[in-house]
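All remarks here apply to the structure that follows.
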Amino acid sequence: MPHRIIVLGAGYSGAIAAGRLARRLRREDVAITLVNAEPDFVERVRNHQLATGQTLKPRPLAELFAGTGVDLRIARVAAVDADRRTVTLGDGSELAYDTLVYALGSGWNARAVPGAAEHAYELASRPGALRLRERLAGLTPGSTVLVVGGGLTGLEAATEIAEARPDLRVSLAARDALGDWLSPKGRAHLRKVLAGLGVTAHEHTAVASVESGHVTTADGATIPAEVTVWTTGFAVHPIAGATTLEVTGTGQIVVDGSMRSVSHPDVYAIGDAARAMGPGGKPLRMSCASGTPMAWQAADTIAARLTGGKLPHAPLRYFNQCISLGRRQGLIQYVTADDRAVSAVLTGKAAAIYKELVCKGAAWGVANPMLGLPARRRPVTHQPTASRTPA
């Protein structure tokens with residue numbers, strides 16, 4: 001009987017892992033099933049472009065995985081039973097697995113503050129970006145748009161909206177100083193670009209509630225906002241927290257260096273859904289930059305354990321942070337292995353081109369999980385036993 005591998009989620013991490021496993025293992029030895037709620041691969045790092053009316057290239061998963069041997073199931077995941085080794089789908093059907101790759105990722109934190117779920121828009125999903133797109137298209141000149149969150153997503157959203165709609169009054173609320181994690185050169189360039197686009201920055205401003213037409217800050221002030229865009233961090237999919245898997249307080253699955261669950265050795269978790277440690281003993285941040293090497297590590301580890309090969313070691317480290325600031329400006333902040341800013345930066349049009357190449361490269365990596373190298377499918381010679389640590 002073939003070894004049954006189920007991959008949940010076809011974002012960057014899940015899609016790469018499924019494709020890489022298909023290229024590592026002989027088709028007659030494994031049955032790889034990829035489950036995803038949407039029929040298309042979503043370039044999440046471009047959702048701010050989608051929201052401002054830009055047309056993105058469609059990437060149907062059926063085309064990406066045609067001829068790979070991966071069985072694509074378009075369905076929502078309703079539950080995971082990590083002890084019975086089953087996955088229940090939204091239609092009530094059940095799939096059994098021998099190895100599970102959990103890559104359901106994250107969404108926006110709708111419960112962050114009162115009123116966010118009712119009145120704010122999000123960019124963490126394609127449906128959310130499309131709803132924001134429709135709302136922005138209906139705004140009249142002079143309307144106010146507030147982006148809440150001074151991280152990478154917030155910066156990209158605020159600058160993209162301001163560049164695409166210079167007739168709007170765009171502002172950004174950051175809990176701390178603007179770009180406080182960047183180098184001095186990086187912060188200076190960021191402020192210059194925001195000022196040039198007419199974006200008003202509210203620094204050291206925590207939003208306490210979102211209401212129709214405005215937000216209220218922690219100190220009781222109000223900021224007008226006909227549209228509030230919420231980008232202050234992500235919340236992981238809640239399914240893992242309802243299982244017997246060991247998870248963190250935020251619901252991320254705790255994994256070892258091979259991306260294997262510390263409580264259930266037949267489960268691997270990658271991307272935003274996993275809490276993995278990087279250089280310096282620091283948790284990897286939720287990002288495509290983390291999810292891609294995590295997918296490599298998990299897929300190659302699974303393949304090695306099934307074929308009796310040498311366990312791999314993917315470099316889980318950072319090199320830079322890439323920020324698009326509209327279509328004409330960008331900021332590449334070079335960082336240490338554990339993600340601390342160094343003095344070197346790349347700015348301007350060159351940085352915008354660099355970021356665009358990174359985005360294209362990430363999408364290319366999904367369609368080419370072996371980075372263009374010749375595939376060498378190996379036979380399955382080992383069937384790992386399910387010796388679990390009781391929850």
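Naming scheme: A, B, ... for chains in displayed order of the structure tokens; residues 1 onward per chain; ligands 1 onward as shown.
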
Report as a PDB file with C-alpha atoms, in the first residue's frame all protein, DNA and RNA residues lying within 12 Å of A:Ala350, evaluated on only C-alpha atoms, omitting residues in the same chain fewer than 4 positions from it.
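Okay, out06.pdb is ready:
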ATOM      1  CA  CYS A 322      12.151  43.400   1.099  1.00  0.00           C
ATOM      2  CA  ILE A 323       9.573  46.192   1.208  1.00  0.00           C
ATOM      3  CA  SER A 324       7.727  47.580  -1.791  1.00  0.00           C
ATOM      4  CA  LEU A 325       6.772  51.234  -1.350  1.00  0.00           C
ATOM      5  CA  ARG A 327       5.432  50.497  -7.824  1.00  0.00           C
ATOM      6  CA  ARG A 328       8.288  52.990  -8.202  1.00  0.00           C
ATOM      7  CA  GLN A 329      10.032  52.823  -4.831  1.00  0.00           C
ATOM      8  CA  GLY A 330      11.315  50.089  -2.580  1.00  0.00           C
ATOM      9  CA  LEU A 331      13.498  49.405   0.421  1.00  0.00           C
ATOM     10  CA  ILE A 332      15.762  46.392   0.863  1.00  0.00           C
ATOM     11  CA  VAL A 345      20.251  49.170   2.449  1.00  0.00           C
ATOM     12  CA  LEU A 346      19.133  49.321  -1.169  1.00  0.00           C
ATOM     13  CA  TYR A 354      14.678  43.786  -6.551  1.00  0.00           C
ATOM     14  CA  LYS A 355      11.433  43.244  -4.635  1.00  0.00           C
ATOM     15  CA  GLU A 356       9.572  42.470  -7.854  1.00  0.00           C
ATOM     16  CA  LEU A 357      12.162  39.829  -8.726  1.00  0.00           C
TER      17      LEU A 357
END

Requested in this report: Mind checking which residues fall within 10 Å of stretch 108-123 of chain A, counting only C-alpha atoms, ignoring those fewer than 6 positions away in the same chain, and posting them as number ranges by chain?
Outcome: A: 44-51, 129-133, 135, 146-148, 153-154, 157, 207-215, 225-237

Dump as a CSV table (one decimal), in the first residue's frame, selection limited to N, CA and C atoms:
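Saved to out.csv:
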chain,number,residue,atom,x,y,z
A,44,ARG,N,0.2,35.8,-1.9
A,44,ARG,CA,-0.2,36.7,-0.7
A,44,ARG,C,0.6,37.9,-0.6
A,45,VAL,N,1.9,37.9,-1.0
A,45,VAL,CA,2.7,39.1,-0.9
A,45,VAL,C,2.3,40.2,-1.9
A,46,ARG,N,1.4,39.9,-2.8
A,46,ARG,CA,0.9,40.9,-3.7
A,46,ARG,C,-0.5,41.3,-3.4
A,47,ASN,N,-1.1,41.0,-2.3
A,47,ASN,CA,-2.5,41.3,-2.0
A,47,ASN,C,-2.7,42.8,-2.0
A,48,HIS,N,-1.7,43.6,-1.6
A,48,HIS,CA,-1.9,45.0,-1.6
A,48,HIS,C,-2.0,45.6,-3.0
A,49,GLN,N,-1.3,44.9,-4.0
A,49,GLN,CA,-1.5,45.3,-5.4
A,49,GLN,C,-2.9,45.0,-5.9
A,50,LEU,N,-3.4,43.8,-5.5
A,50,LEU,CA,-4.7,43.4,-5.9
A,50,LEU,C,-5.8,44.4,-5.3
A,51,ALA,N,-5.6,44.8,-4.1
A,51,ALA,CA,-6.5,45.7,-3.5
A,51,ALA,C,-6.6,47.1,-4.2
A,129,ALA,N,-8.7,41.1,0.2
A,129,ALA,CA,-8.1,42.1,-0.7
A,129,ALA,C,-9.1,42.5,-1.8
A,130,LEU,N,-9.9,41.6,-2.2
A,130,LEU,CA,-11.0,41.9,-3.2
A,130,LEU,C,-12.0,42.8,-2.6
A,131,ARG,N,-12.4,42.5,-1.4
A,131,ARG,CA,-13.4,43.4,-0.7
A,131,ARG,C,-12.9,44.8,-0.6
A,132,LEU,N,-11.6,44.9,-0.2
A,132,LEU,CA,-11.0,46.2,0.0
A,132,LEU,C,-10.9,46.9,-1.4
A,133,ARG,N,-10.6,46.1,-2.4
A,133,ARG,CA,-10.5,46.7,-3.8
A,133,ARG,C,-11.8,47.4,-4.2
A,135,ARG,N,-14.2,48.5,-2.2
A,135,ARG,CA,-14.4,49.6,-1.3
A,135,ARG,C,-13.6,50.8,-1.7
A,146,LEU,N,-7.2,54.8,6.6
A,146,LEU,CA,-6.2,54.6,7.6
A,146,LEU,C,-5.7,53.2,7.6
A,147,VAL,N,-4.4,53.0,7.5
A,147,VAL,CA,-3.8,51.7,7.6
A,147,VAL,C,-3.3,51.5,9.0
A,148,VAL,N,-3.8,50.5,9.7
A,148,VAL,CA,-3.3,50.3,11.1
A,148,VAL,C,-2.3,49.2,11.1
A,153,THR,N,3.6,44.7,6.1
A,153,THR,CA,2.3,44.7,5.4
A,153,THR,C,1.7,46.1,5.4
A,154,GLY,N,1.7,46.7,6.6
A,154,GLY,CA,1.1,48.0,6.7
A,154,GLY,C,1.8,49.1,5.8
A,157,ALA,N,0.9,48.4,2.2
A,157,ALA,CA,-0.5,48.8,1.9
A,157,ALA,C,-0.6,50.3,1.8
A,207,VAL,N,-4.3,51.7,18.4
A,207,VAL,CA,-5.7,51.8,18.1
A,207,VAL,C,-6.5,50.8,19.1
A,208,ALA,N,-7.4,51.4,19.8
A,208,ALA,CA,-8.2,50.7,20.8
A,208,ALA,C,-9.5,50.1,20.3
A,209,SER,N,-10.1,50.8,19.3
A,209,SER,CA,-11.3,50.3,18.7
A,209,SER,C,-11.5,50.9,17.3
A,210,VAL,N,-12.3,50.2,16.5
A,210,VAL,CA,-12.6,50.6,15.2
A,210,VAL,C,-14.1,50.8,15.1
A,211,GLU,N,-14.5,52.0,14.6
A,211,GLU,CA,-15.9,52.3,14.4
A,211,GLU,C,-16.1,52.8,13.0
A,212,SER,N,-17.4,52.9,12.6
A,212,SER,CA,-17.7,53.4,11.3
A,212,SER,C,-17.3,54.8,11.1
A,213,GLY,N,-16.3,55.1,10.3
A,213,GLY,CA,-15.9,56.4,10.0
A,213,GLY,C,-14.7,56.9,10.8
A,214,HIS,N,-14.3,56.2,11.8
A,214,HIS,CA,-13.1,56.6,12.6
A,214,HIS,C,-12.6,55.4,13.4
A,215,VAL,N,-11.4,55.6,14.0
A,215,VAL,CA,-10.9,54.7,15.0
A,215,VAL,C,-10.6,55.6,16.3
A,225,ALA,N,-11.4,57.9,9.5
A,225,ALA,CA,-11.1,56.8,8.6
A,225,ALA,C,-12.4,56.2,8.0
A,226,GLU,N,-12.7,56.7,6.8
A,226,GLU,CA,-13.8,56.1,6.1
A,226,GLU,C,-13.6,54.6,5.7
A,227,VAL,N,-12.3,54.3,5.6
A,227,VAL,CA,-11.8,52.9,5.4
A,227,VAL,C,-10.7,52.7,6.3
A,228,THR,N,-10.8,51.6,7.1
A,228,THR,CA,-9.7,51.2,8.0
A,228,THR,C,-9.2,49.9,7.5
A,229,VAL,N,-7.9,49.8,7.3
A,229,VAL,CA,-7.2,48.6,6.8
A,229,VAL,C,-6.4,48.0,8.0
A,230,TRP,N,-6.7,46.8,8.4
A,230,TRP,CA,-6.1,46.3,9.6
A,230,TRP,C,-4.9,45.3,9.2
A,231,THR,N,-3.7,45.7,9.7
A,231,THR,CA,-2.5,44.8,9.3
A,231,THR,C,-1.6,44.5,10.5
A,232,THR,N,-2.2,44.6,11.7
A,232,THR,CA,-1.3,44.5,12.9
A,232,THR,C,-1.1,43.0,13.3
A,233,GLY,N,-0.5,42.3,12.5
A,233,GLY,CA,-0.2,40.9,12.9
A,233,GLY,C,-1.2,39.9,12.4
A,234,PHE,N,-0.8,38.6,12.5
A,234,PHE,CA,-1.6,37.5,12.0
A,234,PHE,C,-2.1,36.6,13.1
A,235,ALA,N,-3.1,35.9,12.9
A,235,ALA,CA,-3.6,34.8,13.8
A,235,ALA,C,-3.6,33.5,13.0
A,236,VAL,N,-3.1,32.5,13.6
A,236,VAL,CA,-3.0,31.2,12.9
A,236,VAL,C,-4.3,30.5,12.8
A,237,HIS,N,-4.5,29.6,11.8
A,237,HIS,CA,-5.7,28.9,11.7
A,237,HIS,C,-6.0,28.1,13.0

Query - All residues 10 Å or closer to A:Leu245, only C-alpha atoms, same chain fewer than 6 positions away omitted, as a PyMOL selection string - result: chain A and resi 80-83+251-254+261-264+267+389-391

Which residues are close to A:Val35, i.e. within 7 Å by only C-alpha atoms, leaving aside same-chain residues fewer than 2 positions away? Reply as a PDB file with C-alpha atoms, in the first residue's frame.
ATOM      1  CA  VAL A   7      -0.500  18.357   2.713  1.00  0.00           C
ATOM      2  CA  LEU A   8      -2.972  20.857   4.153  1.00  0.00           C
ATOM      3  CA  GLY A   9      -2.819  24.302   2.551  1.00  0.00           C
ATOM      4  CA  THR A  33      -2.869  14.672  -1.576  1.00  0.00           C
ATOM      5  CA  ALA A  37      -9.816  25.835   0.014  1.00  0.00           C
ATOM      6  CA  LEU A  72      -5.463  18.087  -5.654  1.00  0.00           C
ATOM      7  CA  ARG A  73      -8.559  18.388  -3.440  1.00  0.00           C
ATOM      8  CA  ILE A  74     -10.347  21.743  -3.410  1.00  0.00           C
ATOM      9  CA  ALA A  75     -12.000  21.720  -0.003  1.00  0.00           C
TER      10      ALA A  75
END

Query raised in the report: Quick one: of A:Leu152, A:Cys359, A:Ala367, A:Ala137, who's nearest to A:Arg285, counting only C-alpha atoms?
Result: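 Of the candidates, the smallest distance to A:Arg285 is held by A:Leu152.
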
Report task. Any chance you could list, as an MDAnalysis selection string, the residues in stretch 114-260 of chain A that come up strand (DSSP E or B) when DSSP is run on the backbone? Result -> chainID A and resid 120:122 144:148 169:173 200:202 207:211 213:217 222:225 227:230 234:236 247 253:255 260
